[in-house]
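These notes concern the structure reproduced below.
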Amino acid sequence: MDIKHIGPANPGWDFIGEVSGIDLTQPISPAEVDAIEAGMDRYGVLVFHNQHITDEQQVAFSVNFGDLEATLANVTKPEDRRLKLNIADISNLDKNNQVLAADDKRRMFNLGNMLWHSDSSFKATPAKYSLLSGRAVPKAGGDTQFADMRAAYDAFPADIQTLIEPLITEHSLIYSRGQLGFEAFDAEERRAFAPVLQRLVRTHPVTGRKSVFLSSHIGVIRGMLTPEARMRIRDLTEMATQPRFVHTHRWQAGDLVIWDNRTTMHRARRYNDTGEVRDMRRTTIEGAPTVMQQAA
């Protein structure tokens, strides 16, 4: 197995790695697990091509890196789920494999995936890794963009770093979907998506590098007036998603991409989602309890 850097020949732009010489349809060795973990610590995003895996094989590969998240956060009712394992359905399909209608509540909710975010930042224990498998991809569009939150933090002026270091934010799916005018949450969903607290600056537990914990799910900065807080988050996001910090992955069927939610943000890009199929399936590895959770 080999992991090599892909992307611009820029010393500060080194957060995408491409993995070759491994077959994810087969069990992998402890040494390969260790090498992938080390690659994730170095890069933050790893790309595997030509991995035509089943849901069972994706789960088997994923659990090498920790426990799967126990709950899936969306507005799809259990009886309407298309996938049976603990896999998030990041597609535009209903349980009968038909493309969702333009006005379907699930499609409206999923448009929020085009906002910059970190998976499960709206949970008290946010995600460690996300693993997204491209089973069917559209002819054009549907890319995923990634932004390196370590490089962004390092590039912030010293006064900005000092300002944001102590800040505590509230994350919720209600905040991110509210940016799009989506408010069709029932009472159960509002309870499930109640805001959680997260620090705005995090330190990676292995490398010790700091990163800025941004996400469209942020709606409040504790101790700051809401308009000021949301403007601050918008300013930081614009700074952190400049082209020099961003990589665009153009999907091919059979790609599997792993990213570290502790060091990156990502977003989906537009495609003809009412006319073409985009079948993406995500497993998510639960992270460790945060400083905020431990304090609570």
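By order in the structure tokens, chains are A, B, ...; within a chain, residues start at 1; ligands start at 1, following the order shown.
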
Can you tell me which residues surround Leu46 in chain A at a distance of at most 6 Å, considering only C-alpha atoms, apart from same-chain residues fewer than 2 positions away, and format the answer as a list in words? Ile16, Gly17, Glu18, Val257 and Ile258 of chain A

Write the residues of the preceding selection, restricted to N, CA and C atoms, as a PDB file, in the first residue's frame.
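Result file again.pdb:
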ATOM      1  N   ILE A  16      -4.278  16.472   0.970  1.00  0.00           N
ATOM      2  CA  ILE A  16      -4.955  15.418   0.222  1.00  0.00           C
ATOM      3  C   ILE A  16      -3.951  14.327  -0.120  1.00  0.00           C
ATOM      4  N   GLY A  17      -4.270  13.097   0.268  1.00  0.00           N
ATOM      5  CA  GLY A  17      -3.426  11.962  -0.068  1.00  0.00           C
ATOM      6  C   GLY A  17      -4.197  10.953  -0.907  1.00  0.00           C
ATOM      7  N   GLU A  18      -3.515  10.289  -1.813  1.00  0.00           N
ATOM      8  CA  GLU A  18      -4.118   9.257  -2.660  1.00  0.00           C
ATOM      9  C   GLU A  18      -3.522   7.911  -2.283  1.00  0.00           C
ATOM     10  N   VAL A 257     -13.684   8.140  -0.247  1.00  0.00           N
ATOM     11  CA  VAL A 257     -12.893   9.221   0.342  1.00  0.00           C
ATOM     12  C   VAL A 257     -13.124   9.246   1.842  1.00  0.00           C
ATOM     13  N   ILE A 258     -12.028   9.311   2.593  1.00  0.00           N
ATOM     14  CA  ILE A 258     -12.085   9.455   4.051  1.00  0.00           C
ATOM     15  C   ILE A 258     -11.592  10.849   4.395  1.00  0.00           C
TER      16      ILE A 258
END

Surrounding residues of Ala73 in chain A excluding itself and chain neighbours under 6 positions, 12 Å, only C-alpha atoms, as a tab-separated table (two decimals) with N, CA and C atoms, in the first residue's frame:
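As a result, out-v3.tsv now contains:
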chain	number	residue	atom	x	y	z
A	86	ASN	N	-26.17	0.74	9.33
A	86	ASN	CA	-25.96	2.05	9.94
A	86	ASN	C	-25.12	2.93	9.01
A	87	ILE	N	-25.72	3.23	7.86
A	87	ILE	CA	-25.05	4.00	6.81
A	87	ILE	C	-25.93	5.20	6.46
A	88	ALA	N	-25.32	6.36	6.38
A	88	ALA	CA	-26.07	7.56	5.99
A	88	ALA	C	-26.25	7.57	4.48
A	89	ASP	N	-27.48	7.82	4.06
A	89	ASP	CA	-27.83	7.83	2.64
A	89	ASP	C	-27.64	9.24	2.11
A	90	ILE	N	-26.51	9.48	1.44
A	90	ILE	CA	-26.21	10.81	0.91
A	90	ILE	C	-26.53	10.78	-0.59
A	106	ARG	N	-37.17	15.88	2.06
A	106	ARG	CA	-35.83	15.33	2.20
A	106	ARG	C	-34.85	16.03	1.25
A	109	PHE	N	-34.09	19.50	2.71
A	109	PHE	CA	-33.18	19.36	3.84
A	109	PHE	C	-31.75	19.09	3.34
A	110	ASN	N	-31.61	18.21	2.35
A	110	ASN	CA	-30.28	17.81	1.87
A	110	ASN	C	-29.56	18.91	1.12
A	119	ASP	N	-19.10	17.21	9.64
A	119	ASP	CA	-20.13	16.22	9.97
A	119	ASP	C	-20.27	16.05	11.48
A	120	SER	N	-21.52	16.07	11.91
A	120	SER	CA	-21.89	15.80	13.31
A	120	SER	C	-21.33	16.80	14.29
A	121	SER	N	-20.96	17.99	13.82
A	121	SER	CA	-20.55	19.02	14.78
A	121	SER	C	-21.73	19.41	15.66
A	122	PHE	N	-22.95	19.07	15.21
A	122	PHE	CA	-24.17	19.37	15.97
A	122	PHE	C	-24.49	18.30	17.00
A	123	LYS	N	-23.58	17.34	17.19
A	123	LYS	CA	-23.72	16.33	18.23
A	123	LYS	C	-22.74	16.63	19.36
A	172	SER	N	-26.16	23.45	15.54
A	172	SER	CA	-27.43	22.74	15.36
A	172	SER	C	-27.78	22.67	13.88
A	173	LEU	N	-28.41	21.57	13.47
A	173	LEU	CA	-28.93	21.47	12.11
A	173	LEU	C	-30.02	22.53	11.86
A	174	ILE	N	-30.69	22.94	12.92
A	174	ILE	CA	-31.72	23.97	12.77
A	174	ILE	C	-31.10	25.27	12.28
A	188	GLU	N	-40.37	16.33	17.22
A	188	GLU	CA	-39.35	15.32	17.51
A	188	GLU	C	-38.01	15.72	16.92
A	189	GLU	N	-38.01	16.24	15.70
A	189	GLU	CA	-36.77	16.66	15.06
A	189	GLU	C	-36.16	17.85	15.78
A	190	ARG	N	-36.97	18.79	16.24
A	190	ARG	CA	-36.44	19.94	16.97
A	190	ARG	C	-35.76	19.50	18.27
A	191	ARG	N	-36.33	18.51	18.93
A	191	ARG	CA	-35.69	17.97	20.14
A	191	ARG	C	-34.37	17.30	19.78
A	192	ALA	N	-34.38	16.51	18.72
A	192	ALA	CA	-33.17	15.78	18.32
A	192	ALA	C	-32.05	16.72	17.89
A	193	PHE	N	-32.42	17.88	17.32
A	193	PHE	CA	-31.43	18.81	16.80
A	193	PHE	C	-31.19	20.00	17.73
A	194	ALA	N	-31.46	19.82	19.02
A	194	ALA	CA	-31.21	20.89	19.98
A	194	ALA	C	-29.73	21.28	19.95
A	284	THR	N	-19.77	6.91	9.39
A	284	THR	CA	-19.19	7.98	10.19
A	284	THR	C	-18.66	7.40	11.49

Run DSSP on the backbone and tell me which residues of range 42-270 of chain A come out as helix (DSSP H, G or I); list them as a PyMOL selection string. chain A and resi 42+55-65+78-80+105-114+149-155+158-164+173-178+187-192+226-240+243-245

If we count only C-alpha atoms, what is near Arg234 in chain A at a cut-off of 12 Å, once residues fewer than 2 positions away on the same chain are taken out, given as a ChimeraX atom specification? /A:115-116,179,214-220,227-232,236-241

Nearest to Leu85 in chain A by atom-to-atom distance, counting only C-alpha atoms, from A:Ala102, A:Asn64, A:Ile6, A:Gln58: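 Going through A:Ala102, A:Asn64, A:Ile6, A:Gln58 one by one, the smallest distance to Leu85 in chain A is for A:Gln58.
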
Near range 66-71 of chain A, counting only C-alpha atoms, which residues have an atom at most 9 Å away, once you skip same-chain residues fewer than 6 positions from it, shown as an MDAnalysis selection string? chainID A and resid 59 86:87 127:129 283:287

Output file for the residues above (N, CA and C atoms, as a PDB file, in the first residue's frame):
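again17.pdb was written with the following content:
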ATOM      1  N   VAL A  59     -18.858  -1.042   5.895  1.00  0.00           N
ATOM      2  CA  VAL A  59     -18.939  -1.070   7.356  1.00  0.00           C
ATOM      3  C   VAL A  59     -17.736  -1.803   7.936  1.00  0.00           C
ATOM      4  N   ASN A  86     -26.173   0.740   9.327  1.00  0.00           N
ATOM      5  CA  ASN A  86     -25.961   2.054   9.940  1.00  0.00           C
ATOM      6  C   ASN A  86     -25.118   2.928   9.009  1.00  0.00           C
ATOM      7  N   ILE A  87     -25.717   3.233   7.856  1.00  0.00           N
ATOM      8  CA  ILE A  87     -25.053   3.999   6.809  1.00  0.00           C
ATOM      9  C   ILE A  87     -25.930   5.196   6.459  1.00  0.00           C
ATOM     10  N   ALA A 127     -18.028  13.971  15.070  1.00  0.00           N
ATOM     11  CA  ALA A 127     -17.439  12.852  14.341  1.00  0.00           C
ATOM     12  C   ALA A 127     -15.917  12.945  14.287  1.00  0.00           C
ATOM     13  N   LYS A 128     -15.304  11.776  14.208  1.00  0.00           N
ATOM     14  CA  LYS A 128     -13.880  11.659  13.912  1.00  0.00           C
ATOM     15  C   LYS A 128     -13.722  11.623  12.384  1.00  0.00           C
ATOM     16  N   TYR A 129     -13.915  10.460  11.776  1.00  0.00           N
ATOM     17  CA  TYR A 129     -13.791  10.328  10.329  1.00  0.00           C
ATOM     18  C   TYR A 129     -15.168  10.165   9.686  1.00  0.00           C
ATOM     19  N   THR A 283     -20.361   6.201   5.964  1.00  0.00           N
ATOM     20  CA  THR A 283     -20.220   5.719   7.326  1.00  0.00           C
ATOM     21  C   THR A 283     -19.449   6.772   8.107  1.00  0.00           C
ATOM     22  N   THR A 284     -19.770   6.908   9.386  1.00  0.00           N
ATOM     23  CA  THR A 284     -19.194   7.978  10.193  1.00  0.00           C
ATOM     24  C   THR A 284     -18.661   7.395  11.486  1.00  0.00           C
ATOM     25  N   ILE A 285     -17.417   7.713  11.792  1.00  0.00           N
ATOM     26  CA  ILE A 285     -16.758   7.201  12.998  1.00  0.00           C
ATOM     27  C   ILE A 285     -16.917   8.216  14.126  1.00  0.00           C
ATOM     28  N   GLU A 286     -17.419   7.734  15.234  1.00  0.00           N
ATOM     29  CA  GLU A 286     -17.638   8.606  16.383  1.00  0.00           C
ATOM     30  C   GLU A 286     -16.313   9.082  16.958  1.00  0.00           C
ATOM     31  N   GLY A 287     -16.257  10.346  17.335  1.00  0.00           N
ATOM     32  CA  GLY A 287     -15.058  10.902  17.928  1.00  0.00           C
ATOM     33  C   GLY A 287     -14.994  10.654  19.426  1.00  0.00           C
TER      34      GLY A 287
END

Using only C-alpha atoms, determine which residues lie at most 8 Å from range 1-4 of chain A, disregarding the query and same-chain residues fewer than 3 positions distant; provide the list as a PyMOL selection string. chain A and resi 17-22+32+39

Give me a file of those residues, with C-alpha atoms, as a PDB file, in the first residue's frame.
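What landed in selection.pdb:
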ATOM      1  CA  GLY A  17      -3.426  11.962  -0.068  1.00  0.00           C
ATOM      2  CA  GLU A  18      -4.118   9.257  -2.660  1.00  0.00           C
ATOM      3  CA  VAL A  19      -3.963   5.623  -1.538  1.00  0.00           C
ATOM      4  CA  SER A  20      -3.058   2.797  -3.919  1.00  0.00           C
ATOM      5  CA  GLY A  21      -2.223  -0.896  -3.603  1.00  0.00           C
ATOM      6  CA  ILE A  22      -5.110  -1.871  -1.344  1.00  0.00           C
ATOM      7  CA  GLU A  32      -2.528  -1.169   6.927  1.00  0.00           C
ATOM      8  CA  GLY A  39      -1.934   9.146   6.591  1.00  0.00           C
TER       9      GLY A  39
END

At what distance in Å, to one decimal, does CA of Val246 in chain A lie from CA of Gly44 in chain A?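 CA of Val246 in chain A lies at a distance of 12.2 Å from CA of Gly44 in chain A.
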
How far is it from CA of Gly112 in chain A to CA of Phe185 in chain A, in Å with one decimal?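 Separating CA of Gly112 in chain A from CA of Phe185 in chain A is a distance of 13.9 Å.
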
Counting only C-alpha atoms, the residue among A:Val212, A:Ala136, A:Ala151, A:Leu111 that lies closest to Ser176 in chain A is A:Leu111

Using only C-alpha atoms, which protein or nucleic acid residues come within 10 Å of Glu165 in chain A? Drop anything in the same chain fewer than 6 positions from it, and give the result as a count of residues only. 6

For Asp143 in chain A, the nearest of the candidates A:Ala31, A:Val45, A:Val206, A:Met114, counting only C-alpha atoms: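 For Asp143 in chain A, the nearest of the given residues is A:Met114.
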
Residue list (strand (DSSP E or B), DSSP) for range 150-290 of chain A, as a VMD selection string: chain A and resid 168 to 171 196 to 199 201 to 203 210 to 212 218 to 221 246 to 249 256 to 260 264 to 268 279 to 286

Output N, CA and C atoms for every residue in the selection just made, as a compact mmCIF listing (two decimals), in the first residue's frame.
# COMPACT_ATOMS: atom_id res chain seq x y z
N ILE A 168 -16.81 29.94 22.60
CA ILE A 168 -17.67 28.76 22.65
C ILE A 168 -18.85 29.00 21.71
N THR A 169 -19.13 28.04 20.86
CA THR A 169 -20.19 28.19 19.87
C THR A 169 -21.30 27.16 20.11
N GLU A 170 -22.48 27.44 19.57
CA GLU A 170 -23.59 26.49 19.55
C GLU A 170 -23.80 25.99 18.13
N HIS A 171 -23.91 24.65 17.98
CA HIS A 171 -24.10 24.03 16.68
C HIS A 171 -25.45 23.33 16.66
N VAL A 196 -25.82 22.16 20.60
CA VAL A 196 -24.77 21.67 21.49
C VAL A 196 -23.61 22.66 21.47
N LEU A 197 -22.79 22.61 22.51
CA LEU A 197 -21.66 23.53 22.63
C LEU A 197 -20.38 22.91 22.10
N GLN A 198 -19.61 23.72 21.37
CA GLN A 198 -18.30 23.30 20.87
C GLN A 198 -17.33 24.47 20.97
N ARG A 199 -16.08 24.17 21.22
CA ARG A 199 -15.05 25.21 21.17
C ARG A 199 -14.77 25.59 19.71
N VAL A 201 -11.84 26.68 18.64
CA VAL A 201 -10.48 26.26 18.31
C VAL A 201 -10.25 24.89 18.95
N ARG A 202 -9.76 23.95 18.15
CA ARG A 202 -9.49 22.61 18.65
C ARG A 202 -8.03 22.25 18.43
N THR A 203 -7.55 21.30 19.23
CA THR A 203 -6.19 20.78 19.09
C THR A 203 -6.28 19.30 18.76
N LYS A 210 -3.39 22.97 15.90
CA LYS A 210 -4.67 23.63 16.14
C LYS A 210 -5.42 23.82 14.83
N SER A 211 -6.74 23.81 14.93
CA SER A 211 -7.59 24.09 13.78
C SER A 211 -8.79 24.88 14.25
N VAL A 212 -9.43 25.56 13.30
CA VAL A 212 -10.62 26.33 13.63
C VAL A 212 -11.83 25.45 13.32
N ILE A 218 -23.19 26.43 13.02
CA ILE A 218 -23.02 27.40 14.10
C ILE A 218 -24.03 28.52 13.97
N GLY A 219 -24.77 28.79 15.06
CA GLY A 219 -25.74 29.88 15.05
C GLY A 219 -25.53 30.87 16.17
N VAL A 220 -24.71 30.49 17.17
CA VAL A 220 -24.53 31.32 18.36
C VAL A 220 -23.07 31.24 18.79
N ILE A 221 -22.51 32.37 19.20
CA ILE A 221 -21.26 32.41 19.96
C ILE A 221 -21.62 32.90 21.34
N VAL A 246 -8.48 24.98 -0.33
CA VAL A 246 -9.58 24.13 -0.78
C VAL A 246 -9.13 23.18 -1.88
N HIS A 247 -9.64 21.95 -1.81
CA HIS A 247 -9.46 20.94 -2.86
C HIS A 247 -10.82 20.46 -3.32
N THR A 248 -11.00 20.31 -4.62
CA THR A 248 -12.25 19.80 -5.20
C THR A 248 -12.04 18.37 -5.67
N HIS A 249 -12.83 17.46 -5.10
CA HIS A 249 -12.77 16.07 -5.54
C HIS A 249 -13.87 15.82 -6.57
N LEU A 256 -13.74 5.98 -2.92
CA LEU A 256 -14.05 6.10 -1.50
C LEU A 256 -13.12 7.16 -0.93
N VAL A 257 -13.68 8.14 -0.25
CA VAL A 257 -12.89 9.22 0.34
C VAL A 257 -13.12 9.25 1.84
N ILE A 258 -12.03 9.31 2.59
CA ILE A 258 -12.09 9.46 4.05
C ILE A 258 -11.59 10.85 4.40
N TRP A 259 -12.31 11.53 5.29
CA TRP A 259 -11.80 12.80 5.78
C TRP A 259 -11.94 12.88 7.29
N ASP A 260 -11.07 13.70 7.87
CA ASP A 260 -11.04 13.91 9.31
C ASP A 260 -11.84 15.16 9.62
N THR A 264 -10.92 19.32 8.97
CA THR A 264 -11.40 19.80 7.67
C THR A 264 -12.87 20.22 7.75
N MET A 265 -13.28 21.03 6.78
CA MET A 265 -14.69 21.21 6.45
C MET A 265 -14.88 20.70 5.02
N HIS A 266 -16.15 20.50 4.64
CA HIS A 266 -16.45 20.07 3.28
C HIS A 266 -17.82 20.57 2.88
N ARG A 267 -18.11 20.48 1.59
CA ARG A 267 -19.44 20.78 1.07
C ARG A 267 -19.62 20.07 -0.26
N ALA A 268 -20.88 19.72 -0.59
CA ALA A 268 -21.22 19.18 -1.89
C ALA A 268 -21.46 20.32 -2.86
N ASP A 279 -25.67 8.44 -6.06
CA ASP A 279 -25.83 7.48 -4.96
C ASP A 279 -24.53 7.43 -4.16
N MET A 280 -24.52 8.12 -3.02
CA MET A 280 -23.35 8.19 -2.15
C MET A 280 -23.75 7.64 -0.78
N ARG A 281 -22.85 6.87 -0.18
CA ARG A 281 -23.17 6.23 1.09
C ARG A 281 -22.05 6.49 2.08
N ARG A 282 -22.43 7.01 3.26
CA ARG A 282 -21.42 7.46 4.23
C ARG A 282 -21.51 6.67 5.53
N THR A 283 -20.36 6.20 5.96
CA THR A 283 -20.22 5.72 7.33
C THR A 283 -19.45 6.77 8.11
N THR A 284 -19.77 6.91 9.39
CA THR A 284 -19.19 7.98 10.19
C THR A 284 -18.66 7.40 11.49
N ILE A 285 -17.42 7.71 11.79
CA ILE A 285 -16.76 7.20 13.00
C ILE A 285 -16.92 8.22 14.13
N GLU A 286 -17.42 7.73 15.23
CA GLU A 286 -17.64 8.61 16.38
C GLU A 286 -16.31 9.08 16.96

One decimal place gives the CA of Gly134 in chain A-CA of Ala184 in chain A separation as 28.8 Å

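Every protein or nucleic acid residue with an atom no more than 10 Å from Ala101 in chain A, counting only C-alpha atoms and leaving out same-chain residues fewer than 5 positions away, appears here: Asn92, Leu93, Asp94, Arg106, Arg107, Met108, Asp273, Thr274 and Gly275 of chain A.
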
Write the residues you've just listed into a file as an mmCIF file, in the first residue's frame, and include C-alpha atoms for each of them.
data_model
loop_
_atom_site.group_PDB
_atom_site.id
_atom_site.type_symbol
_atom_site.label_atom_id
_atom_site.label_comp_id
_atom_site.auth_asym_id
_atom_site.auth_seq_id
_atom_site.Cartn_x
_atom_site.Cartn_y
_atom_site.Cartn_z
ATOM 1 C CA ASN A 92 -31.145 11.870 -4.102
ATOM 2 C CA LEU A 93 -33.144 8.621 -3.999
ATOM 3 C CA ASP A 94 -36.168 7.399 -2.056
ATOM 4 C CA ARG A 106 -35.825 15.333 2.201
ATOM 5 C CA ARG A 107 -34.416 17.060 -0.894
ATOM 6 C CA MET A 108 -34.961 20.495 0.674
ATOM 7 C CA ASP A 273 -30.384 16.305 -8.748
ATOM 8 C CA THR A 274 -33.919 16.004 -10.119
ATOM 9 C CA GLY A 275 -32.786 14.319 -13.337
#

Closest to Arg42 in chain A among A:Asp186, A:Thr162, A:Ala155, A:His5, using only C-alpha atoms?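 Using only C-alpha atoms, the shortest distance to Arg42 in chain A belongs to A:His5.
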
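Comparing the minimum interatomic distances between Ser91 in chain A and each of A:Pro126, A:Pro78, A:Gly178, A:Gly142, counting only C-alpha atoms, we find that A:Gly142 sits nearest.
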